[in-house]
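Asker: Quick one: the structure is below, questions incoming.
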Amino acid sequence: MSQTYINELSNHIDSTVVLKGWVYNSTNKGKLNFLVIRDGTGICQCVVFKPNVGEELFQKSLTLTQESSIIISGKVKEDKRAPGGFEIDVASMEIIQIALEYPISPKEHGIEFLAERRHLWLRSARQHAILRIRHELIRAMRDFFDGRGFTLIDGPIFTPAACEGTSTLFETEYFDLGKAYLTQSSQLYAEAAAMAHGKVYSFGPTFRAEKSKTRRHLTEFWMIEPEVAFNDLNDNMDLAEDFLEYIVGRVLKNKSAELQTLERDTKFLQNVKRPFPRISYDEAVKILLKKEIAFEWGNDFGGTDETIISQEFDRPVLVHRYPSAIKAFYMKRDPENDKLALAIDVLAPEGYGEIIGGSQREDDLTKLEERIKKHKLPMEAFNWYLDLRKYGTVPHSGFGLGLERTVSWVCGLEHIRETSPFPRMINRITP
RNA sequence: UCCGCAGUAGCUCAAUGGCGGAGCAUUCGGCUGUUAACCGAAGGGUUGUAGGUUCGAAUCCUACCUGCGGAGCCA
């Protein structure tokens, strides 16, 4: 008989099925042995009743330890006492392996203990739910762009120089060509691709060697970066709004059970509907000053500042037109105020901070050259990028969204490390 | 890089400078409805490392190691 998955059990009531999986938990009470089996799609209580199965099979079931791998068959019964409403009345059982004593018990554990055993921690219900939501978000992101005529064009992971010259990069030797750096953004390459395809996005890993030690930082994370020829700042904000509304909607629609497992209050997620509030940097500063936060115009917002600003709103907020001095060289200046860059950040609600950063790009060759000089960046490294402004330059815009920060927000997590299957942080590169 | 906190049984934690403890896990026994079951019993310790103070240190002091939280940094 072929395998039935636990999430399909409701189609098999009163018939005999075969489950293949692992013992998630077990407890016995005299002549009854309860096994909770998981198979990757869900968990199901399986009941081994001595008078029904006989002495031999019952004793065999008592030897099962947590995470032992088994194949069982039995009749599916509706039972309100079982978690999920269904249980299997076990008729036969094949043990593949009796697992050694499993380190992760159903009781609480410290974060270091769990992180050391991330390869096993993935099996627990909470981690399972998070990675399912991560998967749904990834699918939704790709569906969103694919459905709007975007072409996926990824940038390289090895790059010859810093994209912005600001953040610290991981460095490696690259044959006879000297040093190579792991990418911190595909944006510049996405701009080139947008001049070829109009609407493009890249989606891949990103590396930052900053010694950041906070709940919002990983050294390796995934970023999705759309770039659109002829889009101005407002078009860019429209795109970001559409995008967030769509991906959050998809999780609400398709992953409600997982959100429930995480005990996520979906109130804020339900609110992720256009239009989002759009405020300028100046207005954001006013919010801080009104709350009597010591903040000087011209500085970038810290994590706490972002939290305070986002708490003013019931959905993501777009902050636009930052001081150009604190933004990257490639951002276009506001034609109405040269001190401002046509940048946007999107701050997630509930203190989750910046999940999107983007801008309208500088499309003027001369201004871009000036800016590269002013930032003391190596001009040769940007020759190809400057070509984009020599041969049919057009206004264009794009943004980058951090996948893990988005997952963290949607799932309502305390720390970003749970959003990555194998997170890389300043103090951890294993397992 | 800086500030703060922590490190004791497999895990989570307690122990006023005076005999090293509990719950869970494990093993054994009991129970026909458990949901982190319950009841009874047993085994389980170089108190992160190295020094120091003291009659006596898990406890106080110094250094180091490891981790955690935060700051800085960070599209």
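Labels used: A, B, ... for chains in the order of the structure tokens, numbers from 1 for residues in each chain, and numbers from 1 for ligands as shown.
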For U27 in chain B, find every residue with an atom within 12 Å (counting only C-alpha atoms (C1' of nucleotides)), except residues of its own chain fewer than 6 positions away, and show them as a list in words.
Answerer: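 Those residues are A41, A42, G43 and G44 of chain B.
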Asker: Counting only C-alpha atoms (C1' of nucleotides), what is within 12 Å of C24 in chain B, bar same-chain residues fewer than 5 positions away, as an mmCIF file with all heavy atoms, in the first residue's frame?
Answerer:
```
data_model
loop_
_atom_site.group_PDB
_atom_site.id
_atom_site.type_symbol
_atom_site.label_atom_id
_atom_site.label_comp_id
_atom_site.auth_asym_id
_atom_site.auth_seq_id
_atom_site.Cartn_x
_atom_site.Cartn_y
_atom_site.Cartn_z
ATOM 1 N N ILE A 104 16.875 16.902 21.989
ATOM 2 C CA ILE A 104 15.897 17.984 22.115
ATOM 3 C C ILE A 104 14.573 17.416 22.621
ATOM 4 O O ILE A 104 13.791 16.856 21.874
ATOM 5 C CB ILE A 104 15.702 18.720 20.767
ATOM 6 C CG1 ILE A 104 17.049 19.252 20.263
ATOM 7 C CG2 ILE A 104 14.705 19.856 20.940
ATOM 8 C CD1 ILE A 104 16.984 19.941 18.927
ATOM 9 N N SER A 105 14.384 17.537 23.938
ATOM 10 C CA SER A 105 13.157 17.025 24.535
ATOM 11 C C SER A 105 12.046 18.050 24.356
ATOM 12 O O SER A 105 12.297 19.176 23.965
ATOM 13 C CB SER A 105 13.397 16.753 26.019
ATOM 14 O OG SER A 105 13.584 17.983 26.689
ATOM 15 N N PRO A 106 10.793 17.651 24.622
ATOM 16 C CA PRO A 106 9.700 18.626 24.484
ATOM 17 C C PRO A 106 9.769 19.756 25.517
ATOM 18 O O PRO A 106 9.003 20.690 25.455
ATOM 19 C CB PRO A 106 8.441 17.783 24.699
ATOM 20 C CG PRO A 106 8.860 16.376 24.494
ATOM 21 C CD PRO A 106 10.284 16.317 24.926
ATOM 22 N N LYS A 107 10.669 19.658 26.443
ATOM 23 C CA LYS A 107 10.822 20.727 27.438
ATOM 24 C C LYS A 107 11.642 21.878 26.866
ATOM 25 O O LYS A 107 12.164 21.806 25.770
ATOM 26 C CB LYS A 107 11.526 20.164 28.680
ATOM 27 C CG LYS A 107 10.663 19.209 29.461
ATOM 28 C CD LYS A 107 9.656 19.955 30.300
ATOM 29 C CE LYS A 107 8.864 18.975 31.147
ATOM 30 N NZ LYS A 107 7.881 19.653 31.988
ATOM 31 N N GLU A 108 11.760 22.920 27.677
ATOM 32 C CA GLU A 108 12.470 24.103 27.190
ATOM 33 C C GLU A 108 13.978 23.877 27.098
ATOM 34 O O GLU A 108 14.537 23.070 27.816
ATOM 35 C CB GLU A 108 12.179 25.295 28.095
ATOM 36 C CG GLU A 108 12.870 25.191 29.435
ATOM 37 C CD GLU A 108 11.902 25.374 30.598
ATOM 38 O OE1 GLU A 108 10.970 24.560 30.735
ATOM 39 O OE2 GLU A 108 12.099 26.307 31.350
ATOM 40 N N HIS A 109 14.599 24.636 26.189
ATOM 41 C CA HIS A 109 16.048 24.593 26.041
ATOM 42 C C HIS A 109 16.560 26.003 25.840
ATOM 43 O O HIS A 109 15.843 26.875 25.376
ATOM 44 C CB HIS A 109 16.441 23.728 24.844
ATOM 45 C CG HIS A 109 16.036 22.301 24.977
ATOM 46 N ND1 HIS A 109 16.719 21.424 25.781
ATOM 47 C CD2 HIS A 109 15.016 21.602 24.441
ATOM 48 C CE1 HIS A 109 16.118 20.249 25.721
ATOM 49 N NE2 HIS A 109 15.079 20.326 24.915
ATOM 50 P P A B 9 25.661 20.990 34.993
ATOM 51 O OP1 A B 9 26.281 20.634 33.694
ATOM 52 O OP2 A B 9 24.429 21.790 35.037
ATOM 53 O "O5'" A B 9 25.387 19.638 35.804
ATOM 54 C "C5'" A B 9 26.365 18.608 35.818
ATOM 55 C "C4'" A B 9 25.714 17.260 35.608
ATOM 56 O "O4'" A B 9 24.956 16.944 36.806
ATOM 57 C "C3'" A B 9 24.730 17.193 34.444
ATOM 58 O "O3'" A B 9 24.823 15.928 33.811
ATOM 59 C "C2'" A B 9 23.377 17.328 35.114
ATOM 60 O "O2'" A B 9 22.333 16.703 34.412
ATOM 61 C "C1'" A B 9 23.629 16.605 36.442
ATOM 62 N N9 A B 9 22.722 16.999 37.517
ATOM 63 C C8 A B 9 21.795 17.989 37.535
ATOM 64 N N7 A B 9 21.103 18.065 38.648
ATOM 65 C C5 A B 9 21.615 17.062 39.420
ATOM 66 C C6 A B 9 21.311 16.623 40.718
ATOM 67 N N6 A B 9 20.385 17.149 41.495
ATOM 68 N N1 A B 9 22.016 15.561 41.208
ATOM 69 C C2 A B 9 22.946 15.012 40.430
ATOM 70 N N3 A B 9 23.325 15.350 39.182
ATOM 71 C C4 A B 9 22.615 16.384 38.743
ATOM 72 P P G B 10 25.785 15.670 32.569
ATOM 73 O OP1 G B 10 26.113 14.239 32.581
ATOM 74 O OP2 G B 10 26.849 16.698 32.578
ATOM 75 O "O5'" G B 10 24.829 15.963 31.339
ATOM 76 C "C5'" G B 10 25.309 15.851 29.992
ATOM 77 C "C4'" G B 10 24.129 15.907 29.064
ATOM 78 O "O4'" G B 10 23.287 14.762 29.332
ATOM 79 C "C3'" G B 10 23.225 17.121 29.277
ATOM 80 O "O3'" G B 10 23.637 18.215 28.478
ATOM 81 C "C2'" G B 10 21.849 16.601 28.870
ATOM 82 O "O2'" G B 10 21.704 16.600 27.465
ATOM 83 C "C1'" G B 10 21.920 15.143 29.351
ATOM 84 N N9 G B 10 21.422 14.960 30.720
ATOM 85 C C8 G B 10 22.128 14.415 31.760
ATOM 86 N N7 G B 10 21.444 14.348 32.864
ATOM 87 C C5 G B 10 20.212 14.881 32.536
ATOM 88 C C6 G B 10 19.054 15.062 33.333
ATOM 89 O O6 G B 10 18.885 14.793 34.533
ATOM 90 N N1 G B 10 18.017 15.633 32.611
ATOM 91 C C2 G B 10 18.086 15.981 31.288
ATOM 92 N N2 G B 10 16.978 16.526 30.778
ATOM 93 N N3 G B 10 19.161 15.822 30.520
ATOM 94 C C4 G B 10 20.179 15.266 31.210
ATOM 95 P P C B 11 23.525 19.700 29.002
ATOM 96 O OP1 C B 11 24.184 20.559 27.992
ATOM 97 O OP2 C B 11 23.937 19.766 30.411
ATOM 98 O "O5'" C B 11 21.962 19.975 28.933
ATOM 99 C "C5'" C B 11 21.293 20.111 27.678
ATOM 100 C "C4'" C B 11 19.838 20.403 27.915
ATOM 101 O "O4'" C B 11 19.240 19.296 28.642
ATOM 102 C "C3'" C B 11 19.551 21.615 28.781
ATOM 103 O "O3'" C B 11 19.555 22.805 28.027
ATOM 104 C "C2'" C B 11 18.183 21.290 29.367
ATOM 105 O "O2'" C B 11 17.165 21.539 28.420
ATOM 106 C "C1'" C B 11 18.281 19.777 29.563
ATOM 107 N N1 C B 11 18.709 19.381 30.920
ATOM 108 C C2 C B 11 17.780 19.464 31.975
ATOM 109 O O2 C B 11 16.659 19.899 31.735
ATOM 110 N N3 C B 11 18.150 19.065 33.213
ATOM 111 C C4 C B 11 19.382 18.590 33.421
ATOM 112 N N4 C B 11 19.689 18.205 34.662
ATOM 113 C C5 C B 11 20.344 18.512 32.370
ATOM 114 C C6 C B 11 19.970 18.905 31.154
ATOM 115 P P U B 12 19.957 24.192 28.695
ATOM 116 O OP1 U B 12 19.926 25.212 27.639
ATOM 117 O OP2 U B 12 21.171 23.977 29.499
ATOM 118 O "O5'" U B 12 18.750 24.459 29.703
ATOM 119 C "C5'" U B 12 17.467 24.834 29.205
ATOM 120 C "C4'" U B 12 16.515 25.057 30.344
ATOM 121 O "O4'" U B 12 16.275 23.801 31.035
ATOM 122 C "C3'" U B 12 17.027 25.978 31.447
ATOM 123 O "O3'" U B 12 16.891 27.349 31.097
ATOM 124 C "C2'" U B 12 16.151 25.568 32.635
ATOM 125 O "O2'" U B 12 14.860 26.123 32.522
ATOM 126 C "C1'" U B 12 16.046 24.053 32.416
ATOM 127 N N1 U B 12 17.054 23.309 33.214
ATOM 128 C C2 U B 12 16.733 22.986 34.520
ATOM 129 O O2 U B 12 15.665 23.299 35.019
ATOM 130 N N3 U B 12 17.694 22.294 35.208
ATOM 131 C C4 U B 12 18.919 21.893 34.744
ATOM 132 O O4 U B 12 19.682 21.271 35.482
ATOM 133 C C5 U B 12 19.197 22.263 33.385
ATOM 134 C C6 U B 12 18.279 22.940 32.686
ATOM 135 P P C B 13 17.749 28.447 31.827
ATOM 136 O OP1 C B 13 17.381 29.750 31.245
ATOM 137 O OP2 C B 13 19.154 27.998 31.849
ATOM 138 O "O5'" C B 13 17.153 28.399 33.310
ATOM 139 C "C5'" C B 13 17.978 28.627 34.439
ATOM 140 C "C4'" C B 13 17.266 28.081 35.646
ATOM 141 O "O4'" C B 13 17.234 26.628 35.570
ATOM 142 C "C3'" C B 13 17.930 28.351 36.993
ATOM 143 O "O3'" C B 13 17.604 29.632 37.484
ATOM 144 C "C2'" C B 13 17.363 27.244 37.864
ATOM 145 O "O2'" C B 13 16.041 27.527 38.276
ATOM 146 C "C1'" C B 13 17.329 26.076 36.869
ATOM 147 N N1 C B 13 18.554 25.252 36.947
ATOM 148 C C2 C B 13 18.694 24.377 38.047
ATOM 149 O O2 C B 13 17.800 24.354 38.893
ATOM 150 N N3 C B 13 19.798 23.610 38.145
ATOM 151 C C4 C B 13 20.739 23.684 37.202
ATOM 152 N N4 C B 13 21.811 22.901 37.336
ATOM 153 C C5 C B 13 20.625 24.558 36.073
ATOM 154 C C6 C B 13 19.522 25.319 35.992
ATOM 155 P P A B 36 1.030 19.048 25.385
ATOM 156 O OP1 A B 36 0.234 19.932 26.268
ATOM 157 O OP2 A B 36 1.259 19.386 23.992
ATOM 158 O "O5'" A B 36 2.431 18.812 26.082
ATOM 159 C "C5'" A B 36 3.355 17.896 25.503
ATOM 160 C "C4'" A B 36 4.398 17.555 26.528
ATOM 161 O "O4'" A B 36 4.972 18.782 27.039
ATOM 162 C "C3'" A B 36 3.855 16.803 27.739
ATOM 163 O "O3'" A B 36 4.835 15.885 28.207
ATOM 164 C "C2'" A B 36 3.670 17.904 28.783
ATOM 165 O "O2'" A B 36 3.744 17.457 30.115
ATOM 166 C "C1'" A B 36 4.843 18.809 28.446
ATOM 167 N N9 A B 36 4.624 20.201 28.847
ATOM 168 C C8 A B 36 3.655 21.056 28.423
ATOM 169 N N7 A B 36 3.719 22.247 28.969
ATOM 170 C C5 A B 36 4.808 22.161 29.821
ATOM 171 C C6 A B 36 5.389 23.069 30.691
ATOM 172 N N6 A B 36 4.953 24.317 30.856
ATOM 173 N N1 A B 36 6.461 22.661 31.404
ATOM 174 C C2 A B 36 6.903 21.423 31.234
ATOM 175 N N3 A B 36 6.434 20.471 30.440
ATOM 176 C C4 A B 36 5.381 20.908 29.759
#
```
Asker: Could you list, as an NGL selection string, the residues of chain B having an atom within 12 Å of chain A when counting only C-alpha atoms (C1' of nucleotides)?
Answerer: :B and (1 or 6-7 or 10-13 or 23-26 or 29-39 or 66-75)
Asker: What are the DSSP strand (DSSP E) residues of range 48-217 of chain A, as number ranges by chain?
Answerer: A: 48-49, 69-78, 86-97, 151-152, 158-159, 171-173, 179-182, 199-207
Asker: CA of Leu64 in chain A and CA of Ile98 in chain A are how many Å apart?
Answerer: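 Atom-to-atom, CA of Leu64 in chain A to CA of Ile98 in chain A, that is 6.0 Å.
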Asker: Which residues, written as a list in words, have at least one atom at most 9 Å from Asn299 in chain A, with only C-alpha atoms (C1' of nucleotides) counted and residues fewer than 4 positions away on the same chain left out?
Answerer: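 Counting only C-alpha atoms (C1' of nucleotides), the residues come to Phe295, Pro323, Ala325 and Ile326 of chain A.
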Asker: Keeping all heavy atoms, export the residues of the selection given above as a short mmCIF file (atom, residue, chain, number, x, y, z; two decimals), in the first residue's frame.
Answerer:
```
data_model
loop_
_atom_site.label_atom_id
_atom_site.label_comp_id
_atom_site.auth_asym_id
_atom_site.auth_seq_id
_atom_site.Cartn_x
_atom_site.Cartn_y
_atom_site.Cartn_z
N PHE A 295 17.40 63.70 18.73
CA PHE A 295 17.75 63.31 17.37
C PHE A 295 18.11 64.54 16.56
O PHE A 295 17.43 65.56 16.64
CB PHE A 295 16.57 62.59 16.70
CG PHE A 295 16.93 62.00 15.36
CD1 PHE A 295 17.42 60.72 15.27
CD2 PHE A 295 16.79 62.75 14.19
CE1 PHE A 295 17.77 60.18 14.04
CE2 PHE A 295 17.15 62.21 12.97
CZ PHE A 295 17.63 60.94 12.89
N PRO A 323 18.40 62.56 3.87
CA PRO A 323 19.58 63.39 3.56
C PRO A 323 20.54 62.60 2.67
O PRO A 323 20.87 61.44 2.99
CB PRO A 323 20.20 63.63 4.94
CG PRO A 323 19.09 63.45 5.91
CD PRO A 323 18.18 62.42 5.32
N ALA A 325 23.58 62.83 2.30
CA ALA A 325 24.88 62.55 2.94
C ALA A 325 24.93 61.17 3.59
O ALA A 325 26.00 60.58 3.69
CB ALA A 325 25.18 63.62 3.98
N ILE A 326 23.79 60.65 4.01
CA ILE A 326 23.80 59.34 4.67
C ILE A 326 23.35 58.23 3.74
O ILE A 326 23.14 57.10 4.16
CB ILE A 326 22.90 59.34 5.94
CG1 ILE A 326 21.48 59.77 5.59
CG2 ILE A 326 23.50 60.21 7.03
CD1 ILE A 326 20.48 59.52 6.70
#
```
Asker: Ranking A:His415, A:Ser15, A:Phe221, A:Glu55 by minimum distance to Lys77 in chain A and counting only C-alpha atoms, which one comes first?
Answerer: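 Answer, going by the shortest atom-to-atom distance: A:Ser15.
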Asker: If we count only C-alpha atoms (C1' of nucleotides) and set the cut-off at 10 Å, which residues sit around range 195-199 of chain A, ignoring sequence neighbours fewer than 2 positions away in its own chain? Please answer as a list in words.
Answerer: Phe145, Arg148, Gly149, Phe150, Thr151, Leu152, Ile153, Ala190, Glu191, Ala192, Ala193, Tyr201, Pro226, Glu227, Val228, Ala229, Phe230, Asn231, Leu388, Tyr391, Gly392, Thr393, Val394, His396 and Gly398 of chain A
Asker: CA of Arg274 in chain A to CA of Asn254 in chain A: how many Å, to one decimal?
Answerer: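 Value for the CA of Arg274 in chain A-CA of Asn254 in chain A distance: 20.2 Å.
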Asker: Given the choices A:Asp305, A:Glu369, A:Glu171, A:Asp154, which gets closest to Ile224 in chain A if the distance is worked out from only C-alpha atoms?
Answerer: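 Ranking A:Asp305, A:Glu369, A:Glu171, A:Asp154 by distance to Ile224 in chain A, first place goes to A:Asp154.
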